[in-house]
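Reading through the structure tokens given below for one structure.
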Amino acid sequence: MSVRPLTFVVGTGRCGSTALSRVLRLHPDLLSVSELIASLEPDALPEAPLTGAEFWRILATPRSFANRVIRDGIPLPEYRYPHVEGRFSVAGGGIPALCMMTLPHLTDDPDALFDVLEPELTRRPAAPVADHYRALFGLLGERFGRRAVVERSGYSLRSVPRLREVFPEARFVHLHRDGADCALSMSRHPGFRLIQLMTERAETAEDLPAGLDALLSDDDADLRPLYQRSVPIAEFGRLWSATIVEGLERLSRLPADIRMSLSYEGLLDAPERELTRLAHHVGVEPLPEWLAAGRALLDGDRRGTAAATLPPDELAALRESCAPGAQALSVVHGG
């Protein structure tokens, strides 16, 4: 089985990466792997070699957070499996991590694909985790007739050093978006509201409202109070800025020829130009029919302007909190 060229699209999350995955999926030579690493955290990239059966357990084990938000009726648009007619359920023991987002992005019958992959991967001998992932990508690539792989997970900038260590052959694409619009989108997303809360918990645990710490540590507790608490939008601007500043520093350690920058706004403004650059970077041809299909799909995405509708004082505070990240992007990317 040949090793397929591998690229990781990394970003802050809420930066247009889901739309990009949909475009990538349209290319006949690209295997678009959506949210694989994110869905397997915190166990996605163990350091020690493991058997195929142990690797399969990482893929197949349901994740507690995913089960909790589905049980509590908290909508996460990335969780696609609850919208298919599958045999797994939260009440029935949980939804395998691989099935939650990644397999439904590839097929309308994720259960069948899950069943095909299990015997092939579990029989593999002990090996570094990267070899098991390459085998997974090879199986999926053969099944769908794709020769190059692009994995895209939300909130993945923080994972760049480990991804580089595990997959030294991989290339990287940094997808970024206007900070205020990105932060506003984060503020409306349950997953990022939890990330913001965990950041706040680590920095100023004594200031958290009474009872929230217990909710975080109890797998049986209802998570809805966490998402109903009032949080200033500027806090998400600070989260965005911190993620960008730290992420750009990590990206700067990579060789220049294996990384590229791609803005969401640039994709919307000049889709053919930006998708052509992307295709060359990931190792496929920018086919005219793919460029046309990508342009049509991106036409359905609105250029972010939601932040401009905020009250002036709130918008000013948000822009101020995003300033460190915006400045870092300007220095590195010239815009």
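By convention in this document, the chains of the structure tokens carry letters A, B, ... by their order, each chain's residues are numbered from 1, and ligands are numbered from 1 in the order they are shown.
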DSSP on the backbone, then: every residue of segment 128-232 of chain A marked strand (DSSP E or B), written as a list in words.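 So the strand (DSSP E or B) residues in segment 128-232 of chain A would be Ala148, Val149, Val150, Glu151, Arg152, Arg171, Phe172, Val173, His174, Leu175 and His176 of chain A.
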Residue neighbourhood Arg57 of chain A, 10 Å, only C-alpha atoms, exclusion window fewer than 5 positions, as a PyMOL selection string: chain A and resi 51-52+62+96-97+118+122
With only C-alpha atoms counted and 9 Å as the cut-off, give the residues of segment 23-137 of chain A in contact with segment 222-236 of chain A, each with its shortest interatomic distance in Å and the pair that gives it, as a Markdown table.
| residue | atom | partner | partner_atom | distance |
| --- | --- | --- | --- | --- |
| A:Arg68 | CA | A:Leu223 | CA | 7.3 |
| A:Val69 | CA | A:Leu223 | CA | 7.0 |
| A:Arg71 | CA | A:Asp222 | CA | 8.7 |
| A:Asp72 | CA | A:Asp222 | CA | 6.3 |
| A:Gly73 | CA | A:Arg224 | CA | 8.5 |
| A:Ile74 | CA | A:Arg224 | CA | 7.2 |
Mind writing the picked residues with all heavy atoms as an mmCIF file, in the first residue's frame?
data_model
loop_
_atom_site.group_PDB
_atom_site.id
_atom_site.type_symbol
_atom_site.label_atom_id
_atom_site.label_comp_id
_atom_site.auth_asym_id
_atom_site.auth_seq_id
_atom_site.Cartn_x
_atom_site.Cartn_y
_atom_site.Cartn_z
ATOM 1 N N ARG A 68 -21.772 13.659 26.357
ATOM 2 C CA ARG A 68 -22.472 14.554 27.277
ATOM 3 C C ARG A 68 -23.259 15.625 26.526
ATOM 4 O O ARG A 68 -24.423 15.903 26.858
ATOM 5 C CB ARG A 68 -21.478 15.215 28.238
ATOM 6 C CG ARG A 68 -20.841 14.260 29.228
ATOM 7 C CD ARG A 68 -19.830 14.952 30.104
ATOM 8 N NE ARG A 68 -20.455 15.800 31.101
ATOM 9 C CZ ARG A 68 -19.759 16.593 31.937
ATOM 10 N NH1 ARG A 68 -18.434 16.648 31.852
ATOM 11 N NH2 ARG A 68 -20.386 17.321 32.836
ATOM 12 N N VAL A 69 -22.645 16.254 25.525
ATOM 13 C CA VAL A 69 -23.355 17.338 24.855
ATOM 14 C C VAL A 69 -24.527 16.813 24.040
ATOM 15 O O VAL A 69 -25.572 17.486 23.940
ATOM 16 C CB VAL A 69 -22.403 18.176 23.969
ATOM 17 C CG1 VAL A 69 -21.340 18.854 24.805
ATOM 18 C CG2 VAL A 69 -21.777 17.350 22.867
ATOM 19 N N ARG A 71 -26.271 14.076 24.863
ATOM 20 C CA ARG A 71 -27.265 13.710 25.884
ATOM 21 C C ARG A 71 -28.021 14.930 26.393
ATOM 22 O O ARG A 71 -29.240 14.887 26.607
ATOM 23 C CB ARG A 71 -26.541 13.026 27.049
ATOM 24 C CG ARG A 71 -27.439 12.597 28.207
ATOM 25 C CD ARG A 71 -26.622 12.421 29.481
ATOM 26 N NE ARG A 71 -26.066 13.692 29.932
ATOM 27 C CZ ARG A 71 -25.026 13.790 30.761
ATOM 28 N NH1 ARG A 71 -24.401 12.705 31.181
ATOM 29 N NH2 ARG A 71 -24.587 14.989 31.136
ATOM 30 N N ASP A 72 -27.296 16.052 26.553
ATOM 31 C CA ASP A 72 -27.914 17.253 27.110
ATOM 32 C C ASP A 72 -28.591 18.119 26.061
ATOM 33 O O ASP A 72 -29.110 19.195 26.379
ATOM 34 C CB ASP A 72 -26.859 18.084 27.854
ATOM 35 C CG ASP A 72 -26.320 17.367 29.082
ATOM 36 O OD1 ASP A 72 -27.006 16.449 29.579
ATOM 37 O OD2 ASP A 72 -25.219 17.714 29.543
ATOM 38 N N GLY A 73 -28.585 17.668 24.806
ATOM 39 C CA GLY A 73 -29.261 18.410 23.751
ATOM 40 C C GLY A 73 -28.574 19.701 23.371
ATOM 41 O O GLY A 73 -29.232 20.658 22.946
ATOM 42 N N ILE A 74 -27.254 19.743 23.511
ATOM 43 C CA ILE A 74 -26.482 20.935 23.155
ATOM 44 C C ILE A 74 -25.986 20.757 21.719
ATOM 45 O O ILE A 74 -25.207 19.845 21.446
ATOM 46 C CB ILE A 74 -25.294 21.120 24.114
ATOM 47 C CG1 ILE A 74 -25.808 21.288 25.548
ATOM 48 C CG2 ILE A 74 -24.443 22.317 23.704
ATOM 49 C CD1 ILE A 74 -24.743 21.175 26.599
#
Taking only C-alpha atoms into account, name the residue in A:Ala296, A:Met186, A:Leu140, A:Ile95 that is nearest to Arg14 of chain A.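 The answer is A:Met186, which sits nearest to Arg14 of chain A.
Of the listed residues A:Ser39, A:Ser34, A:Asn67, A:Thr243, the one whose atoms come nearest to Leu20 of chain A is A:Ser34, with distances taken using only C-alpha atoms.
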Near Trp290 of chain A, counting only C-alpha atoms, which residues have an atom at most 10 Å away, once you skip same-chain residues fewer than 6 positions from it, shown as an NGL selection string? :A and (23-28 or 272 or 275-276 or 296)
Do a neighbour search on Pro168 of chain A at 12 Å with only C-alpha atoms, toss out local chain neighbours closer than 3 positions, and write the hits as a ChimeraX atom specification. /A:5-8,130-131,160-165,171-172,254-255,258
For Leu117 of chain A, find every residue with an atom within 8 Å (counting only C-alpha atoms), except residues of its own chain fewer than 4 positions away, and show them as a PyMOL selection string. chain A and resi 113+121+136+139
For the residues in the current selection, export C-alpha atoms as a compact mmCIF listing (two decimals), in the first residue's frame.
# COMPACT_ATOMS: atom_id res chain seq x y z
CA LEU A 113 -17.26 1.82 6.61
CA LEU A 121 -6.64 -2.20 11.32
CA LEU A 136 -5.98 4.10 7.84
CA LEU A 139 -7.47 2.06 3.29
Using DSSP assignments from the backbone, pull out every residue in segment 3-184 of chain A that falls under alpha helix (DSSP H) and give it to me as a VMD selection string. chain A and resid 17 to 25 36 to 40 52 to 60 64 to 71 97 to 100 102 to 106 110 to 122 129 to 144 160 to 166 179 to 184
Atom CA of Leu197 of chain A to atom CA of Gly179 of chain A: how many Å, to one decimal?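 Atom CA of Gly179 of chain A lies at a distance of 19.0 Å from atom CA of Leu197 of chain A.
Pairwise distance (atom CA of Ala326 of chain A, atom CA of Glu78 of chain A) equals 26.4 Å.
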Report as a count of residues only all protein, DNA and RNA residues lying within 12 Å of Met260 of chain A, evaluated on only C-alpha atoms, omitting residues in the same chain fewer than 2 positions from it. 30
Interatomic distance (Å, one decimal) between atom CA of Gln196 of chain A and atom CA of Leu239 of chain A: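 Between atom CA of Gln196 of chain A and atom CA of Leu239 of chain A the gap is 6.8 Å.
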